[in-house]
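> Structure file run.txt, compact mmCIF, C-alpha atoms, is pasted below:
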# COMPACT_ATOMS: atom_id res chain seq x y z
CA MET A 254 -42.92 -71.66 75.20
CA SER A 255 -39.64 -73.25 74.12
CA THR A 256 -36.80 -74.09 76.52
CA ALA A 257 -34.55 -71.49 74.91
CA ASN A 258 -37.17 -68.77 75.23
CA LYS A 259 -37.58 -69.59 78.93
CA LEU A 260 -33.83 -69.16 79.31
CA PHE A 261 -34.00 -65.76 77.60
CA GLN A 262 -36.66 -64.61 80.05
CA ALA A 263 -34.95 -66.09 83.12
CA ALA A 264 -31.73 -64.28 82.26
CA SER A 265 -33.51 -60.94 82.08
CA GLY A 266 -35.73 -61.49 85.13
CA GLY A 267 -38.91 -61.46 83.08
CA ALA A 268 -40.01 -60.85 79.50
CA SER A 269 -36.99 -60.55 77.23
CA ASP A 270 -36.42 -58.42 74.17
CA PRO A 271 -36.83 -60.24 70.86
CA VAL A 272 -33.69 -61.83 69.44
CA TYR A 273 -33.20 -61.92 65.67
CA VAL A 274 -30.85 -63.86 63.44
CA GLU A 275 -28.99 -60.60 62.76
CA ASP A 276 -28.10 -60.44 66.46
CA VAL A 277 -26.36 -63.82 66.49
CA PHE A 278 -25.06 -64.57 62.98
CA SER A 279 -23.34 -62.71 60.17
CA THR A 280 -21.67 -63.45 56.84
CA HIS A 281 -19.26 -60.64 55.97
CA LEU A 282 -17.07 -60.18 52.89
CA TYR A 283 -14.05 -57.90 52.80
CA THR A 284 -10.98 -57.07 50.75
CA GLY A 285 -7.53 -57.36 52.28
CA THR A 286 -5.43 -54.25 52.83
CA GLY A 287 -2.18 -55.81 54.04
CA SER A 288 -2.84 -54.44 57.53
CA GLY A 289 -5.49 -54.59 60.25
CA ILE A 290 -9.18 -54.36 59.34
CA THR A 291 -12.09 -53.83 61.75
CA ILE A 292 -15.21 -55.72 60.69
CA ASN A 293 -18.43 -54.18 62.03
CA ASN A 294 -21.09 -56.84 61.56
CA GLY A 295 -23.40 -56.03 64.49
CA ILE A 296 -22.43 -59.11 66.53
CA ASP A 297 -21.43 -58.57 70.17
CA LEU A 298 -18.51 -60.94 70.61
CA ALA A 299 -16.85 -59.01 73.43
CA GLY A 300 -19.88 -59.21 75.69
CA GLU A 301 -21.69 -62.37 74.60
CA GLY A 302 -18.88 -64.51 73.16
CA GLY A 303 -18.79 -66.63 70.04
CA LEU A 304 -16.87 -67.99 67.06
CA VAL A 305 -15.43 -66.42 63.92
CA ILE A 306 -14.60 -68.60 60.90
CA TYR A 307 -12.73 -66.85 58.12
CA ARG A 308 -10.64 -67.58 55.03
CA ARG A 309 -9.51 -66.21 51.67
CA ARG A 310 -11.85 -66.74 48.72
CA ASP A 311 -9.69 -66.07 45.66
CA GLY A 312 -6.64 -68.09 46.65
CA ALA A 313 -5.45 -71.01 48.74
CA GLU A 314 -5.64 -70.46 52.48
CA ASN A 315 -6.50 -72.39 55.65
CA TRP A 316 -9.93 -72.28 57.23
CA SER A 317 -9.36 -70.39 60.48
CA PHE A 318 -11.53 -70.96 63.57
CA GLN A 319 -11.04 -68.50 66.44
CA ASP A 320 -13.38 -68.19 69.41
CA THR A 321 -13.75 -66.08 72.52
CA VAL A 322 -13.28 -69.07 74.86
CA ARG A 323 -9.70 -69.73 73.71
CA GLY A 324 -8.98 -66.08 72.79
CA VAL A 325 -7.19 -64.44 69.89
CA ASP A 326 -3.93 -66.25 70.61
CA SER A 327 -5.33 -69.63 69.52
CA VAL A 328 -6.45 -70.77 66.07
CA ILE A 329 -7.42 -74.15 64.62
CA TYR A 330 -7.87 -75.01 60.95
CA SER A 331 -10.65 -77.28 59.67
CA ASP A 332 -8.56 -78.34 56.65
CA SER A 333 -5.87 -79.61 59.03
CA THR A 334 -5.60 -82.02 61.97
CA ASN A 335 -2.96 -79.85 63.66
CA ALA A 336 -3.32 -78.77 67.26
CA ALA A 337 -4.24 -75.17 68.09
CA ALA A 338 -1.51 -72.61 67.48
CA ASP A 339 -0.84 -68.92 68.00
CA PRO A 340 -1.64 -67.19 64.68
CA GLY A 341 1.30 -64.89 65.32
CA GLY A 342 -0.08 -61.70 63.80
CA TYR A 343 -1.97 -63.45 60.98
CA GLY A 344 -5.29 -63.97 62.73
CA LEU A 345 -7.73 -61.90 64.78
CA ALA A 346 -6.49 -59.02 66.90
CA SER A 347 -9.63 -58.62 69.02
CA PHE A 348 -13.24 -59.63 69.56
CA ASN A 349 -15.35 -56.47 69.66
CA SER A 350 -18.84 -55.44 70.78
CA ASN A 351 -19.74 -54.94 67.12
CA GLY A 352 -17.68 -57.61 65.38
CA PHE A 353 -13.94 -58.24 65.32
CA THR A 354 -10.60 -56.88 64.13
CA THR A 355 -8.28 -58.87 61.88
CA GLU A 356 -4.52 -58.52 61.80
CA LEU A 357 -2.36 -58.91 58.70
CA ASN A 358 -4.01 -60.05 55.46
CA THR A 359 -3.03 -60.11 51.80
CA SER A 360 -3.54 -56.78 50.07
CA SER A 361 -6.38 -56.82 47.47
CA ALA A 362 -7.26 -60.46 48.28
CA GLU A 363 -10.94 -61.32 48.77
CA TYR A 364 -12.00 -62.73 52.16
CA CYS A 365 -15.16 -64.03 53.81
CA SER A 366 -16.10 -64.55 57.43
CA TRP A 367 -18.93 -66.21 59.32
CA THR A 368 -19.64 -65.09 62.90
CA PHE A 369 -21.67 -67.17 65.38
CA ARG A 370 -22.65 -65.54 68.68
CA LYS A 371 -23.33 -67.67 71.73
CA GLN A 372 -27.08 -67.78 72.29
CA ALA A 373 -29.48 -70.29 73.84
CA GLY A 374 -31.13 -72.31 71.10
CA PHE A 375 -28.58 -71.25 68.47
CA PHE A 376 -24.91 -71.74 69.35
CA ASP A 377 -22.66 -72.69 72.26
CA ILE A 378 -18.98 -73.43 72.94
CA GLN A 379 -17.60 -75.87 75.51
CA THR A 380 -14.07 -76.98 76.43
CA TRP A 381 -12.70 -79.76 78.62
CA THR A 382 -9.58 -81.68 79.54
CA GLY A 383 -9.77 -85.39 78.74
CA ASN A 384 -9.76 -88.19 81.30
CA SER A 385 -9.96 -91.32 79.07
CA THR A 386 -13.29 -92.32 80.65
CA ALA A 387 -15.91 -93.87 78.39
CA GLY A 388 -19.31 -92.20 78.67
CA ARG A 389 -18.02 -89.00 80.21
CA THR A 390 -20.65 -86.25 80.08
CA ILE A 391 -19.94 -82.64 79.14
CA SER A 392 -22.46 -80.01 80.26
CA HIS A 393 -23.51 -77.33 77.80
CA ASP A 394 -25.49 -74.08 77.76
CA LEU A 395 -27.42 -74.44 74.49
CA GLY A 396 -30.65 -74.89 76.44
CA SER A 397 -31.98 -77.36 73.85
CA VAL A 398 -30.95 -80.64 72.24
CA PRO A 399 -28.12 -79.89 69.79
CA GLY A 400 -28.74 -80.45 66.09
CA MET A 401 -25.02 -80.68 65.34
CA ILE A 402 -21.82 -80.87 67.42
CA ILE A 403 -18.25 -80.40 66.15
CA ILE A 404 -15.38 -81.59 68.38
CA LYS A 405 -11.64 -80.98 67.88
CA SER A 406 -8.63 -81.66 70.06
CA THR A 407 -6.79 -78.38 70.60
CA SER A 408 -3.65 -79.90 72.13
CA ALA A 409 -3.04 -83.12 70.17
CA ALA A 410 -1.86 -83.05 66.56
CA GLY A 411 -3.27 -85.63 64.16
CA GLU A 412 -6.78 -85.73 65.62
CA PRO A 413 -9.63 -85.11 63.13
CA TRP A 414 -12.67 -82.87 63.42
CA TYR A 415 -15.55 -85.08 64.57
CA VAL A 416 -19.13 -84.13 63.65
CA TYR A 417 -22.33 -85.41 65.25
CA HIS A 418 -25.52 -84.56 63.32
CA ARG A 419 -29.04 -85.38 64.47
CA GLU A 420 -29.83 -87.02 61.12
CA THR A 421 -26.56 -88.79 60.28
CA ASP A 422 -28.73 -91.88 60.76
CA SER A 423 -32.44 -91.51 61.45
CA SER A 424 -32.65 -94.41 63.89
CA ALA A 425 -29.57 -93.80 66.06
CA PRO A 426 -27.54 -90.75 64.93
CA GLU A 427 -25.45 -90.90 68.11
CA ASP A 428 -23.92 -94.16 66.82
CA TYR A 429 -22.38 -92.36 63.83
CA HIS A 430 -20.11 -89.47 62.96
CA THR A 431 -18.75 -87.67 59.93
CA LEU A 432 -15.56 -85.60 59.69
CA LEU A 433 -15.36 -81.89 58.91
CA ASN A 434 -11.82 -82.31 57.51
CA SER A 435 -12.61 -85.30 55.26
CA THR A 436 -14.74 -86.37 52.30
CA ALA A 437 -15.51 -89.74 53.92
CA ALA A 438 -19.09 -90.87 54.39
CA ARG A 439 -20.52 -91.47 57.86
CA ALA A 440 -18.81 -93.98 60.15
CA ASP A 441 -20.60 -96.31 62.55
CA SER A 442 -18.38 -95.95 65.60
CA VAL A 443 -18.56 -95.48 69.36
CA GLU A 444 -15.55 -93.18 69.13
CA MET A 445 -17.30 -89.80 69.23
CA MET A 446 -20.55 -89.83 71.23
CA ASN A 447 -20.10 -93.18 72.99
CA ASP A 448 -23.39 -94.24 71.33
CA THR A 449 -25.26 -91.86 73.66
CA ALA A 450 -27.74 -89.26 72.42
CA PRO A 451 -27.14 -85.66 73.55
CA THR A 452 -29.69 -83.89 75.73
CA ALA A 453 -30.69 -80.28 76.36
CA THR A 454 -28.05 -80.04 79.11
CA GLU A 455 -25.17 -82.39 78.22
CA PHE A 456 -23.52 -84.65 75.66
CA SER A 457 -21.33 -87.73 76.07
CA VAL A 458 -17.88 -88.59 74.74
CA SER A 459 -15.89 -91.81 74.59
CA GLN A 460 -12.51 -92.64 76.09
CA TYR A 461 -10.66 -92.23 72.78
CA ASN A 462 -7.90 -89.69 72.13
CA SER A 463 -9.98 -88.04 69.42
CA VAL A 464 -12.45 -86.64 71.99
CA ASN A 465 -11.34 -87.48 75.55
CA GLY A 466 -7.69 -88.55 75.83
CA SER A 467 -6.16 -88.18 79.26
CA GLY A 468 -4.68 -84.73 79.81
CA LYS A 469 -5.55 -83.49 76.31
CA THR A 470 -7.71 -80.42 75.73
CA TYR A 471 -10.80 -80.24 73.51
CA ILE A 472 -13.34 -77.79 72.17
CA ALA A 473 -16.90 -78.39 71.03
CA TYR A 474 -19.06 -76.12 68.90
CA LEU A 475 -22.78 -76.85 69.41
CA PHE A 476 -25.48 -75.77 66.97
CA GLY A 477 -29.19 -75.63 67.73
CA HIS A 478 -32.10 -77.06 65.78
CA ASP A 479 -35.57 -75.60 65.25
CA GLU A 480 -35.79 -73.67 68.52
CA GLN A 481 -38.73 -71.37 67.83
CA SER A 482 -37.60 -68.56 70.10
CA TYR A 483 -36.71 -65.74 67.69
CA GLY A 484 -38.32 -62.87 65.87
CA ASP A 485 -40.87 -60.25 66.87
CA ASN A 486 -43.00 -62.71 68.83
CA SER A 487 -40.19 -65.07 69.90
CA ASP A 488 -41.85 -67.92 68.01
CA GLU A 489 -39.70 -68.40 64.90
CA ALA A 490 -36.76 -70.71 64.15
CA ILE A 491 -33.48 -69.44 62.71
CA ILE A 492 -31.46 -72.67 62.45
CA LYS A 493 -32.29 -76.19 61.32
CA CYS A 494 -30.28 -79.39 60.95
CA GLY A 495 -31.88 -81.91 58.62
CA SER A 496 -31.38 -84.39 55.79
CA TYR A 497 -32.69 -85.31 52.36
CA THR A 498 -32.36 -88.11 49.81
CA GLY A 499 -30.94 -87.21 46.41
CA ASN A 500 -32.66 -88.07 43.14
CA GLY A 501 -29.85 -87.46 40.61
CA SER A 502 -31.89 -84.88 38.67
CA THR A 503 -31.48 -81.17 37.97
CA THR A 504 -35.00 -80.95 39.37
CA GLY A 505 -33.82 -82.18 42.71
CA PRO A 506 -35.55 -82.62 46.05
CA GLU A 507 -37.09 -79.50 47.56
CA ILE A 508 -36.49 -79.03 51.27
CA ASN A 509 -39.01 -77.11 53.36
CA LEU A 510 -37.28 -75.26 56.19
CA GLY A 511 -40.09 -72.84 56.91
CA PHE A 512 -37.74 -69.97 56.06
CA GLU A 513 -35.42 -68.74 53.32
CA PRO A 514 -31.80 -69.66 54.16
CA GLN A 515 -28.80 -67.35 53.98
CA LEU A 516 -26.28 -70.10 54.76
CA LEU A 517 -26.18 -73.81 53.92
CA MET A 518 -23.64 -76.50 54.73
CA ILE A 519 -24.28 -79.86 53.03
CA LYS A 520 -22.49 -83.20 53.32
CA ALA A 521 -23.08 -86.66 51.84
CA SER A 522 -23.53 -88.98 54.81
CA SER A 523 -24.32 -92.30 53.13
CA GLY A 524 -24.41 -93.69 49.60
CA SER A 525 -21.85 -91.14 48.39
CA THR A 526 -18.74 -89.37 49.61
CA GLY A 527 -17.75 -85.73 49.28
CA ASN A 528 -16.71 -82.54 51.00
CA TRP A 529 -18.84 -80.45 53.27
CA TYR A 530 -20.13 -77.74 50.90
CA MET A 531 -20.51 -74.18 52.22
CA TYR A 532 -22.91 -71.78 50.47
CA ASP A 533 -24.16 -68.35 51.53
CA SER A 534 -26.22 -65.55 50.07
CA MET A 535 -23.37 -63.03 50.25
CA ARG A 536 -21.31 -65.10 47.84
CA GLY A 537 -24.11 -66.01 45.46
CA LEU A 538 -26.69 -68.42 46.90
CA THR A 539 -29.73 -67.15 45.02
CA ALA A 540 -33.35 -67.87 44.17
CA ILE A 541 -32.64 -68.05 40.43
CA SER A 542 -30.73 -70.50 38.27
CA SER A 543 -27.08 -69.46 38.51
CA ASN A 544 -23.69 -70.83 39.49
CA ASP A 545 -23.29 -70.99 43.26
CA ALA A 546 -20.00 -70.13 44.95
CA GLU A 547 -18.72 -73.16 46.85
CA LEU A 548 -16.13 -73.45 49.59
CA TYR A 549 -15.07 -76.69 51.25
CA PRO A 550 -14.09 -76.66 54.96
CA SER A 551 -11.84 -79.69 54.37
CA SER A 552 -9.85 -77.96 51.62
CA SER A 553 -7.60 -74.89 51.53
CA GLY A 554 -8.38 -74.44 47.82
CA ALA A 555 -9.88 -71.26 46.40
CA GLU A 556 -13.62 -70.73 45.98
CA TYR A 557 -15.27 -72.55 43.07
CA ALA A 558 -18.28 -71.15 41.23
CA GLY A 559 -18.55 -73.29 38.12
CA ARG A 560 -21.90 -75.04 38.52
CA GLU A 561 -25.48 -74.45 39.47
CA SER A 562 -26.18 -76.45 42.61
CA ILE A 563 -28.98 -74.92 44.69
CA ASN A 564 -31.95 -72.62 44.21
CA VAL A 565 -33.28 -71.01 47.38
CA THR A 566 -37.00 -70.53 47.89
CA ALA A 567 -39.10 -68.49 50.30
CA THR A 568 -39.45 -71.60 52.48
CA GLY A 569 -36.19 -73.47 51.94
CA PHE A 570 -34.08 -74.68 49.02
CA GLN A 571 -34.14 -77.05 46.06
CA LEU A 572 -31.25 -79.01 44.59
CA ALA A 573 -30.54 -78.14 40.95
CA THR A 574 -27.66 -80.45 40.10
CA THR A 575 -26.84 -84.05 39.22
CA ASN A 576 -23.50 -83.75 41.01
CA THR A 577 -23.00 -86.67 43.38
CA ALA A 578 -21.54 -84.29 45.97
CA ASN A 579 -25.04 -83.17 46.92
CA ASN A 580 -27.65 -84.96 44.79
CA ALA A 581 -26.74 -88.54 43.84
CA ASN A 582 -29.78 -90.73 43.31
CA GLY A 583 -30.58 -92.59 46.53
CA SER A 584 -27.79 -91.04 48.60
CA THR A 585 -28.48 -89.33 51.93
CA TYR A 586 -27.25 -85.81 52.68
CA ILE A 587 -27.16 -83.88 55.94
CA TYR A 588 -27.30 -80.10 56.19
CA ILE A 589 -27.32 -77.14 58.52
CA ALA A 590 -29.30 -74.07 57.44
CA ILE A 591 -29.45 -70.56 58.92
CA ARG A 592 -32.30 -68.18 58.23
CA ARG A 593 -31.99 -64.98 56.19
CA PRO A 594 -32.16 -61.59 58.03
CA MET A 595 -35.57 -61.17 59.65
CA LYS A 596 -35.84 -57.71 61.23
CA THR A 597 -38.50 -55.40 59.85
CA PRO A 598 -36.73 -52.54 58.03
CA GLU A 599 -36.98 -49.20 59.82
Output the structure of this file as C-alpha cells.

Amino acid sequence: MSTANKLFQAASGGASDPVYVEDVFSTHLYTGTGSGITINNGIDLAGEGGLVIYRRRDGAENWSFQDTVRGVDSVIYSDSTNAAADPGGYGLASFNSNGFTTELNTSSAEYCSWTFRKQAGFFDIQTWTGNSTAGRTISHDLGSVPGMIIIKSTSAAGEPWYVYHRETDSSAPEDYHTLLNSTAARADSVEMMNDTAPTATEFSVSQYNSVNGSGKTYIAYLFGHDEQSYGDNSDEAIIKCGSYTGNGSTTGPEINLGFEPQLLMIKASSGSTGNWYMYDSMRGLTAISSNDAELYPSSSGAEYAGRESINVTATGFQLATTNTANNANGSTYIYIAIRRPMKTPE
C-alpha cells in the first residue's frame, strides 16, 4: 500500500472511500458575463483547500493564481515577478464546496480555469517566512516525494517563479531549476533547493532572497508523482512528472504514462529553450491529428492553436511536431501529466 493511501485510511480511522481524479482536479471553460460567475466543477475548495489558476483565452491577460491558504484577497501572476496583490474585484470572490465564484470579467470573453484540490499524493500548498538560512527545511503534507515544486515570493517584487522537477537532471535534479515565468533552459544552481533532494515529509531551500530571504513571505505548490492510490481499488496513479528526449520528427517520441492524459505541461530543460506549454483536453488536446490549443504560463498573450503538437493515446501521448519548443532532436523536455476522468459512468 502506498504512503498516500495509508494517509487516506489514517485520516478516516480505517478503510477510506476511493478518491478519483474528478475529486481533486478540474479544467473548466466559461464565457465572461461582465459580472460574477459561479463555477461548479465538483471540487471542494471550501472544505479541503486548493489552488485555482485562471486566465482569458481569446485575449491578453495575466495568469492568475489564487489559493485557499492566502485567500481571495491575494493573487500572483506567473507571467510577472510582482509580489502578491489584492485583485480588487477582478479575481475570485469565494472558494466554494463545489468550485469557486469569480468576480468581474470581460463580457463575451472566453476563459479557462484549472483547479487543484489539496490531497495526499496529488497536491499540497505550503507557506513560510524567510530567515536567510541555507538548508532550511520546510515540512509538507503531500505524503510522498514531490514530482514538481513551484516556489514564489509573495512579498518581494522582482523574484521569479522557481521550479524543481524530479527529472530536470536525471542524476541530481535537486541541483537544478527552471523558471515558470521564463523561456530559459535549466540552471545549475544552489539557489532553489540548496542541492538537497526533497523527501516525503519536507523540502529544503537556500538562503537566497528568491526562496528564503529574511522576513519575506513565500508560497510553494507541490505536485505528486505516480502515487498509485486512486480509483476504485485505490491502486491507480493520476499524476506523473517525467521527461523525454526529442527526435525532431513529426513521428516523435511516444511517452507511456499508463493512462490517457487530460492535461499536459511541457518545458525544454536542456538542449533547447522555450516556454512552458499548457495543453488540456477541454481546449483541444485530442487523440487525432489536429491543431492543439497552447497557452504559455510565462506569457499574457492569447491562446495559440496554429500547429499540431501532440496526439494523446490510451496510455500516454506522442509528439507530432518538429517544433523545437517540445521536440528538438536530442533536447530534453520535462512534463507534468494529469489523468483523464476515471469514474465509471452511472
> Skipping near chain neighbours, those fewer than 4 positions away, what residues fall within 6 Å of A:Tyr586 using only C-alpha atoms, listed as a PDB file with C-alpha atoms, in the frame of the given file?

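Final file, part29.pdb:
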ATOM      1  CA  SER A 496     -31.380 -84.390  55.790  1.00  0.00           C
ATOM      2  CA  TYR A 497     -32.690 -85.310  52.360  1.00  0.00           C
ATOM      3  CA  LYS A 520     -22.490 -83.200  53.320  1.00  0.00           C
ATOM      4  CA  ALA A 521     -23.080 -86.660  51.840  1.00  0.00           C
ATOM      5  CA  SER A 522     -23.530 -88.980  54.810  1.00  0.00           C
TER       6      SER A 522
END
> So that I can see what lies close to A:Asp485, please list as a ChimeraX atom specification the residues with an atom at most 10 Å from it, counting all atoms listed in the file and leaving out residues fewer than 4 positions away in the same chain.
/A:270-273,489,595-597
> Excluding stretch 445-461 of chain A and any residue of its chain fewer than 3 positions from it, enumerate the residues within 10 Å of it, using all atoms listed in the file, and give them as a VMD selection string.
chain A and resid 256 to 257 374 383 to 404 415 to 417 419 425 to 431 441 to 442 464 to 467 477
> Please identify all polymer residues within 7 Å of A:Arg309, counting all atoms listed in the file, omitting same-chain residues fewer than 4 positions from it, and present them as a PyMOL selection string.
chain A and resi 313-314+363-365
> Counting all atoms listed in the file, figure out which residue out of A:Phe353, A:Phe348, A:Trp367, A:Tyr474 gets nearest to A:Gln379.
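Smallest separation from A:Gln379 among the options: A:Tyr474.
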> One decimal, in Å: what's the spacing between atom CA of A:Asn293 and atom CA of A:Thr368?
11.0 Å
> Could you check the closest approach to A:Trp529 for each of A:Ser502, A:Ser331, A:Asn462, A:Gln481 and tell me which residue wins, using only C-alpha atoms?
A:Ser331
